[in-house]
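The block underneath contains the structure these notes are about, expressed in structure tokens.
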Amino acid sequence: MRIIFMGPPGAGKGTQAQRVAARYGIPAISTGDIFRSNVSAGTELGVKAQQYMDAGEYVPDEVTNLMVRDRIDEPDAAPGFLLDGYPRTLAQVEELDGMIRHTGHKLDAAVVLTADDEELVRRLLARAESDGRADDTEEIIRRRQEVYNEQTAPLIDDYRERGVLVEVDGMGEIDEVTARIFAALEGVSES
Ligand code: AMP
């Protein structure tokens with residue numbers, strides 16, 4: 001299975017992505033997590049990414065695309081993968097299409113978690129208190145929402161037209177949302 005996960009910041013993509021990936025026996029690849037671990041380790045990639053992340057902006061496409069390309073080439077991603085937080089721009093959509101085409105497969109599902117922006121700000125501010133992410137101040141959270149709404153939300157239509165869009169209400173208990181996603185993916189088979 002080849003699945004992507006989209007949704008505004010704080011919609012619970014990471015948690016749900018892990019569960020879905022485990023169910024299908026594929027790796028959950030979170031570009032945000034890869035960037036954060038590179039920032040912590042002080043790698044060259046981390047140095048390039050940090051200023052954008054701290055400001056709530058997207059890391060440039062060239063940097064992000066190269067990183068995803070390398071990760072997808074790893075052997076564990078050969079049977080399939082779930083991308084959490086990628087693609088987020090039109091250039092990334094095109095890059096991913098090329099990467100998947102190259103493997104002779106197709107994208108099976110684009111899962112979008114929908115959620116209310118104000119509720120998300122509340123959730124993210126609560127998370128900031130518990131794990132203290134550098135990009136979890138109210139100003140940066142709102143900037144991340146704006147960037148998502150401007151650059152990423154418009155991509156959803158493209159996946160709808162391709163017939164691979166799986167839209168799921170991301171509000172409610174974590175288990176409830178997982179059940180909704182599993183049910184929505186029931187009819188999706190690997191191509
Ligand atoms: P996330 O944990 O998915 O919210 O990502 C945290 C931050 O990492 C984002 O605010 C961006 O700065 C950066 N990032 C993650 N994924 C991407 C992507 N696909 N394109 C550009 N920047 C990204």
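Residues are referred to by chain and number: the chain letter is A, B, ... according to the order shown in the structure tokens, the number counts from 1 in that chain, and ligands are numbered separately from 1 in the order shown.
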
* Would you please extract all helix (DSSP H, G or I) residues from segment 20-175 of chain A, as assigned by DSSP on the backbone, and give them as a ChimeraX atom specification? => /A:20-24,31-41,44-55,61-72,75-77,90-103,117-131,138-152,155-162,174-175

Spatial neighbours of Asp136 of chain A, 9 Å, only C-alpha atoms, chain gap at least 4 places, as a short mmCIF file (atom, residue, chain, number, x, y, z; two decimals) with N, CA and C atoms, in the first residue's frame:
```cif
data_model
loop_
_atom_site.label_atom_id
_atom_site.label_comp_id
_atom_site.auth_asym_id
_atom_site.auth_seq_id
_atom_site.Cartn_x
_atom_site.Cartn_y
_atom_site.Cartn_z
N ASP A 54 11.22 26.64 12.70
CA ASP A 54 11.00 27.54 13.84
C ASP A 54 10.04 28.67 13.48
N GLY A 56 7.58 28.33 11.30
CA GLY A 56 6.29 27.77 10.86
C GLY A 56 6.16 27.72 9.35
N LEU A 124 -2.96 22.27 20.15
CA LEU A 124 -1.51 22.45 20.00
C LEU A 124 -0.92 23.22 21.16
N LEU A 125 -1.69 24.17 21.71
CA LEU A 125 -1.18 24.91 22.86
C LEU A 125 -1.07 23.97 24.06
N ARG A 127 -0.48 20.74 23.82
CA ARG A 127 0.67 19.87 23.55
C ARG A 127 1.98 20.62 23.85
N ALA A 128 1.99 21.92 23.56
CA ALA A 128 3.20 22.72 23.80
C ALA A 128 3.58 22.66 25.27
N GLU A 129 2.56 22.64 26.13
CA GLU A 129 2.85 22.58 27.57
C GLU A 129 3.44 21.25 27.95
N GLY A 132 6.62 20.72 24.74
CA GLY A 132 7.47 21.87 24.43
C GLY A 132 8.15 21.88 23.08
N ILE A 140 3.18 31.02 15.98
CA ILE A 140 3.73 30.07 14.99
C ILE A 140 2.67 29.04 14.58
N ILE A 141 1.86 28.63 15.55
CA ILE A 141 0.78 27.68 15.23
C ILE A 141 -0.14 28.30 14.16
#
```

Which residues are near ligand 1 in this structure, taking near to mean any atom at most 6 Å from a ligand atom and counting only C-alpha atoms and all ligand atoms? Format them as a PDB file with N, CA, C and O atoms, in the first residue's frame.
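Output saved as pocket_34.pdb:
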```pdb
ATOM      1  N   PRO A   9      -2.011  21.229  10.845  1.00  0.00           N
ATOM      2  CA  PRO A   9      -1.172  20.911  12.005  1.00  0.00           C
ATOM      3  C   PRO A   9      -2.025  20.685  13.254  1.00  0.00           C
ATOM      4  O   PRO A   9      -2.940  21.471  13.523  1.00  0.00           O
ATOM      5  N   THR A  31       7.881  13.350   7.586  1.00  0.00           N
ATOM      6  CA  THR A  31       8.933  14.310   7.224  1.00  0.00           C
ATOM      7  C   THR A  31       9.231  15.228   8.413  1.00  0.00           C
ATOM      8  O   THR A  31      10.392  15.567   8.654  1.00  0.00           O
ATOM      9  N   GLY A  32       8.179  15.590   9.180  1.00  0.00           N
ATOM     10  CA  GLY A  32       8.405  16.451  10.355  1.00  0.00           C
ATOM     11  C   GLY A  32       9.340  15.764  11.349  1.00  0.00           C
ATOM     12  O   GLY A  32      10.268  16.382  11.875  1.00  0.00           O
ATOM     13  N   ASP A  33       9.119  14.450  11.602  1.00  0.00           N
ATOM     14  CA  ASP A  33       9.977  13.716  12.541  1.00  0.00           C
ATOM     15  C   ASP A  33      11.411  13.624  12.018  1.00  0.00           C
ATOM     16  O   ASP A  33      12.365  13.751  12.781  1.00  0.00           O
ATOM     17  N   TYR A  52      13.372  27.389   9.007  1.00  0.00           N
ATOM     18  CA  TYR A  52      12.023  27.349   8.429  1.00  0.00           C
ATOM     19  C   TYR A  52      11.041  26.780   9.441  1.00  0.00           C
ATOM     20  O   TYR A  52       9.945  27.302   9.625  1.00  0.00           O
ATOM     21  N   MET A  53      11.431  25.682  10.080  1.00  0.00           N
ATOM     22  CA  MET A  53      10.543  25.030  11.041  1.00  0.00           C
ATOM     23  C   MET A  53      10.203  25.970  12.189  1.00  0.00           C
ATOM     24  O   MET A  53       9.050  26.086  12.592  1.00  0.00           O
ATOM     25  N   GLY A  56       7.580  28.327  11.297  1.00  0.00           N
ATOM     26  CA  GLY A  56       6.291  27.768  10.863  1.00  0.00           C
ATOM     27  C   GLY A  56       6.159  27.725   9.349  1.00  0.00           C
ATOM     28  O   GLY A  56       5.069  27.546   8.826  1.00  0.00           O
ATOM     29  N   GLU A  57       7.273  27.898   8.648  1.00  0.00           N
ATOM     30  CA  GLU A  57       7.255  27.884   7.171  1.00  0.00           C
ATOM     31  C   GLU A  57       7.652  26.495   6.681  1.00  0.00           C
ATOM     32  O   GLU A  57       8.234  25.707   7.426  1.00  0.00           O
ATOM     33  N   TYR A  58       7.400  26.216   5.412  1.00  0.00           N
ATOM     34  CA  TYR A  58       7.827  24.945   4.852  1.00  0.00           C
ATOM     35  C   TYR A  58       9.319  24.984   4.516  1.00  0.00           C
ATOM     36  O   TYR A  58       9.836  26.010   4.046  1.00  0.00           O
ATOM     37  N   VAL A  59       9.962  23.866   4.730  1.00  0.00           N
ATOM     38  CA  VAL A  59      11.357  23.699   4.313  1.00  0.00           C
ATOM     39  C   VAL A  59      11.329  23.674   2.773  1.00  0.00           C
ATOM     40  O   VAL A  59      10.378  23.138   2.190  1.00  0.00           O
ATOM     41  N   THR A  64      13.426  18.959   0.917  1.00  0.00           N
ATOM     42  CA  THR A  64      12.437  17.978   1.366  1.00  0.00           C
ATOM     43  C   THR A  64      12.336  16.818   0.375  1.00  0.00           C
ATOM     44  O   THR A  64      12.319  15.641   0.776  1.00  0.00           O
ATOM     45  N   GLY A  85       2.652  13.855   6.270  1.00  0.00           N
ATOM     46  CA  GLY A  85       3.120  15.237   6.129  1.00  0.00           C
ATOM     47  C   GLY A  85       3.876  15.510   4.841  1.00  0.00           C
ATOM     48  O   GLY A  85       4.615  16.492   4.745  1.00  0.00           O
ATOM     49  N   TYR A  86       3.709  14.655   3.865  1.00  0.00           N
ATOM     50  CA  TYR A  86       4.307  14.843   2.542  1.00  0.00           C
ATOM     51  C   TYR A  86       3.401  14.155   1.531  1.00  0.00           C
ATOM     52  O   TYR A  86       2.971  13.045   1.819  1.00  0.00           O
ATOM     53  N   PRO A  87       3.088  14.766   0.412  1.00  0.00           N
ATOM     54  CA  PRO A  87       3.511  16.080  -0.081  1.00  0.00           C
ATOM     55  C   PRO A  87       2.678  17.228   0.501  1.00  0.00           C
ATOM     56  O   PRO A  87       1.539  17.027   0.915  1.00  0.00           O
ATOM     57  N   ARG A  88       3.276  18.416   0.527  1.00  0.00           N
ATOM     58  CA  ARG A  88       2.578  19.603   1.040  1.00  0.00           C
ATOM     59  C   ARG A  88       2.547  20.743   0.029  1.00  0.00           C
ATOM     60  O   ARG A  88       1.952  21.778   0.310  1.00  0.00           O
TER      61      ARG A  88
END
```

At most 7 Å is the cut-off: for each residue in segment 56-160 of chain A with any atom that close to an atom of segment 170-186 of chain A, write down the nearest atom pair and the distance in Å rounded to one decimal, counting only C-alpha atoms, chain first then increasing number, as a Markdown table.
```
| residue | atom | partner | partner_atom | distance |
| --- | --- | --- | --- | --- |
| A:Leu113 | CA | A:Gly170 | CA | 4.9 |
| A:Thr114 | CA | A:Gly170 | CA | 5.2 |
| A:Ala115 | CA | A:Gly170 | CA | 5.6 |
```

Once you have the residues from the selection above, write them out as a PDB file, in the first residue's frame, restricted to C-alpha atoms.
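Written output follows (out_32.pdb):
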```pdb
ATOM      1  CA  LEU A 113      -8.000  14.460   8.451  1.00  0.00           C
ATOM      2  CA  THR A 114     -10.367  17.387   8.742  1.00  0.00           C
ATOM      3  CA  ALA A 115     -10.594  19.514  11.873  1.00  0.00           C
TER       4      ALA A 115
END
```

* Closest to Lys13 of chain A among A:Ala41, A:Ile34, A:Ala153, A:Val112, using only C-alpha atoms? -> A:Val112

* Given only C-alpha atoms as the counted atoms, nearest of A:Ala91, A:Ala28, A:Met6, A:Val63 to Ile156 of chain A ->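 Closest to Ile156 of chain A, using only C-alpha atoms: A:Met6.
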
* To do: Find the residues around Arg69 of chain A up to 12 Å (only C-alpha atoms counted), leave out those fewer than 3 positions away in its own chain, and share them as number ranges by chain.
  => A: 29, 31, 61-66, 72-74, 77, 83, 86-87, 92, 95-100, 102-103

Residues of the last selection are to be written out with N, CA, C and O atoms, as an mmCIF file, in the first residue's frame.
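Done, and the output landed in again.cif:
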```
data_model
loop_
_atom_site.group_PDB
_atom_site.id
_atom_site.type_symbol
_atom_site.label_atom_id
_atom_site.label_comp_id
_atom_site.auth_asym_id
_atom_site.auth_seq_id
_atom_site.Cartn_x
_atom_site.Cartn_y
_atom_site.Cartn_z
ATOM 1 N N ILE A 29 6.346 7.199 7.449
ATOM 2 C CA ILE A 29 7.468 8.120 7.247
ATOM 3 C C ILE A 29 6.967 9.540 7.474
ATOM 4 O O ILE A 29 6.158 10.059 6.697
ATOM 5 N N THR A 31 7.881 13.350 7.586
ATOM 6 C CA THR A 31 8.933 14.310 7.224
ATOM 7 C C THR A 31 9.231 15.228 8.413
ATOM 8 O O THR A 31 10.392 15.567 8.654
ATOM 9 N N ASP A 61 11.375 22.904 -1.123
ATOM 10 C CA ASP A 61 11.061 21.652 -1.806
ATOM 11 C C ASP A 61 12.292 20.817 -2.168
ATOM 12 O O ASP A 61 12.267 19.594 -2.020
ATOM 13 N N GLU A 62 13.352 21.464 -2.633
ATOM 14 C CA GLU A 62 14.540 20.693 -3.068
ATOM 15 C C GLU A 62 15.075 19.866 -1.907
ATOM 16 O O GLU A 62 15.451 18.702 -2.072
ATOM 17 N N VAL A 63 15.110 20.493 -0.716
ATOM 18 C CA VAL A 63 15.654 19.812 0.469
ATOM 19 C C VAL A 63 14.718 18.668 0.869
ATOM 20 O O VAL A 63 15.142 17.526 1.095
ATOM 21 N N THR A 64 13.426 18.959 0.917
ATOM 22 C CA THR A 64 12.437 17.978 1.366
ATOM 23 C C THR A 64 12.336 16.818 0.375
ATOM 24 O O THR A 64 12.319 15.641 0.776
ATOM 25 N N ASN A 65 12.281 17.135 -0.910
ATOM 26 C CA ASN A 65 12.129 16.085 -1.916
ATOM 27 C C ASN A 65 13.292 15.105 -1.900
ATOM 28 O O ASN A 65 13.101 13.889 -1.984
ATOM 29 N N LEU A 66 14.489 15.639 -1.768
ATOM 30 C CA LEU A 66 15.679 14.786 -1.752
ATOM 31 C C LEU A 66 15.651 13.841 -0.550
ATOM 32 O O LEU A 66 15.951 12.654 -0.655
ATOM 33 N N ILE A 72 12.518 6.736 0.784
ATOM 34 C CA ILE A 72 11.678 5.773 0.064
ATOM 35 C C ILE A 72 12.514 4.689 -0.615
ATOM 36 O O ILE A 72 12.049 3.582 -0.865
ATOM 37 N N ASP A 73 13.762 5.027 -0.883
ATOM 38 C CA ASP A 73 14.674 4.054 -1.495
ATOM 39 C C ASP A 73 15.154 2.985 -0.520
ATOM 40 O O ASP A 73 15.774 2.016 -0.917
ATOM 41 N N GLU A 74 14.897 3.172 0.767
ATOM 42 C CA GLU A 74 15.342 2.179 1.762
ATOM 43 C C GLU A 74 14.518 0.899 1.566
ATOM 44 O O GLU A 74 13.336 0.970 1.198
ATOM 45 N N ALA A 77 10.788 0.249 2.606
ATOM 46 C CA ALA A 77 9.696 0.949 1.920
ATOM 47 C C ALA A 77 9.357 0.315 0.571
ATOM 48 O O ALA A 77 8.433 0.766 -0.103
ATOM 49 N N LEU A 83 3.194 8.076 3.939
ATOM 50 C CA LEU A 83 3.887 9.351 4.108
ATOM 51 C C LEU A 83 3.027 10.279 4.954
ATOM 52 O O LEU A 83 1.894 10.592 4.577
ATOM 53 N N TYR A 86 3.709 14.655 3.865
ATOM 54 C CA TYR A 86 4.307 14.843 2.542
ATOM 55 C C TYR A 86 3.401 14.155 1.531
ATOM 56 O O TYR A 86 2.971 13.045 1.819
ATOM 57 N N PRO A 87 3.088 14.766 0.412
ATOM 58 C CA PRO A 87 3.511 16.080 -0.081
ATOM 59 C C PRO A 87 2.678 17.228 0.501
ATOM 60 O O PRO A 87 1.539 17.027 0.915
ATOM 61 N N GLN A 92 5.964 19.078 -4.616
ATOM 62 C CA GLN A 92 6.143 17.794 -3.921
ATOM 63 C C GLN A 92 5.183 16.741 -4.473
ATOM 64 O O GLN A 92 5.539 15.565 -4.573
ATOM 65 N N GLU A 95 6.765 15.528 -7.598
ATOM 66 C CA GLU A 95 7.940 14.712 -7.275
ATOM 67 C C GLU A 95 7.505 13.313 -6.809
ATOM 68 O O GLU A 95 8.044 12.305 -7.259
ATOM 69 N N LEU A 96 6.513 13.276 -5.939
ATOM 70 C CA LEU A 96 6.044 11.985 -5.424
ATOM 71 C C LEU A 96 5.446 11.143 -6.553
ATOM 72 O O LEU A 96 5.684 9.931 -6.622
ATOM 73 N N ASP A 97 4.687 11.775 -7.428
ATOM 74 C CA ASP A 97 4.120 11.036 -8.559
ATOM 75 C C ASP A 97 5.242 10.347 -9.335
ATOM 76 O O ASP A 97 5.126 9.178 -9.694
ATOM 77 N N GLY A 98 6.313 11.088 -9.576
ATOM 78 C CA GLY A 98 7.454 10.527 -10.310
ATOM 79 C C GLY A 98 8.094 9.367 -9.552
ATOM 80 O O GLY A 98 8.392 8.322 -10.132
ATOM 81 N N MET A 99 8.243 9.539 -8.240
ATOM 82 C CA MET A 99 8.886 8.491 -7.426
ATOM 83 C C MET A 99 8.058 7.215 -7.455
ATOM 84 O O MET A 99 8.574 6.121 -7.563
ATOM 85 N N ILE A 100 6.735 7.358 -7.344
ATOM 86 C CA ILE A 100 5.870 6.173 -7.307
ATOM 87 C C ILE A 100 5.801 5.531 -8.693
ATOM 88 O O ILE A 100 5.879 4.304 -8.819
ATOM 89 N N HIS A 102 8.002 5.464 -10.884
ATOM 90 C CA HIS A 102 9.267 4.779 -11.072
ATOM 91 C C HIS A 102 9.251 3.360 -10.494
ATOM 92 O O HIS A 102 9.910 2.457 -11.004
ATOM 93 N N THR A 103 8.469 3.148 -9.423
ATOM 94 C CA THR A 103 8.409 1.810 -8.814
ATOM 95 C C THR A 103 7.365 0.933 -9.523
ATOM 96 O O THR A 103 7.197 -0.231 -9.177
#
```

* Any idea what the distance is between atom CA of Leu82 of chain A and atom CA of Ala17 of chain A? ->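 Answer for the atom CA of Leu82 of chain A to atom CA of Ala17 of chain A separation: 7.2 Å.
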
* Per DSSP on the backbone, filter segment 44-87 of chain A down to the residues in strand (DSSP E) and report them as JSON, numbers by chain. => {"A": [81, 82, 83, 84]}

For C-alpha atoms, I'd like the residues from the last selection saved as a short mmCIF file (atom, residue, chain, number, x, y, z; two decimals), in the first residue's frame.
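What follows is the written file out.cif:
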```
data_model
loop_
_atom_site.label_atom_id
_atom_site.label_comp_id
_atom_site.auth_asym_id
_atom_site.auth_seq_id
_atom_site.Cartn_x
_atom_site.Cartn_y
_atom_site.Cartn_z
CA PHE A 81 4.82 3.21 2.72
CA LEU A 82 2.71 5.77 4.46
CA LEU A 83 3.89 9.35 4.11
CA ASP A 84 2.84 11.55 7.02
#
```

* Structure fact -> A straight line from atom CA of Leu90 of chain A to atom CA of Leu155 of chain A spans 6.9 Å

* **d(atom CA of Arg23 of chain A, atom CA of Pro79 of chain A) in Å** =>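 Computed distance, atom CA of Arg23 of chain A to atom CA of Pro79 of chain A, equals 13.6 Å.
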
* To do: For each of A:Ser40, A:Gln51, A:Ser189, A:Ser30, take the minimum atom-to-atom distance to Val164 of chain A, counting only C-alpha atoms, then give the residue where this is smallest.
  =>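 Using only C-alpha atoms, the shortest distance to Val164 of chain A belongs to A:Ser189.
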
* **For Ile3 of chain A, the nearest of the candidates A:Met67, A:Ile26, A:Val39, A:Val93, counting only C-alpha atoms** =>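 Counting only C-alpha atoms, the residue closest to Ile3 of chain A is A:Ile26.
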
* **Distance query Gly80 of chain A at most 8 Å, only C-alpha atoms, self and fewer than 5 positions along chain excluded, as number ranges by chain** => A: 1-2, 26-27

Selected residues written out, N, CA, C and O atoms, as a short mmCIF file (atom, residue, chain, number, x, y, z; two decimals), in the first residue's frame:
```cif
data_model
loop_
_atom_site.label_atom_id
_atom_site.label_comp_id
_atom_site.auth_asym_id
_atom_site.auth_seq_id
_atom_site.Cartn_x
_atom_site.Cartn_y
_atom_site.Cartn_z
N MET A 1 0.83 -1.20 0.00
CA MET A 1 0.00 0.00 0.00
C MET A 1 0.87 1.25 0.00
O MET A 1 1.88 1.31 0.69
N ARG A 2 0.42 2.22 -0.75
CA ARG A 2 1.10 3.53 -0.77
C ARG A 2 0.07 4.59 -0.41
O ARG A 2 -0.86 4.82 -1.18
N ILE A 26 3.53 -1.44 6.86
CA ILE A 26 4.40 -0.57 6.07
C ILE A 26 4.99 0.51 6.99
O ILE A 26 4.41 0.81 8.03
N PRO A 27 6.14 1.09 6.62
CA PRO A 27 6.70 2.13 7.49
C PRO A 27 5.91 3.44 7.40
O PRO A 27 5.45 3.82 6.32
#
```
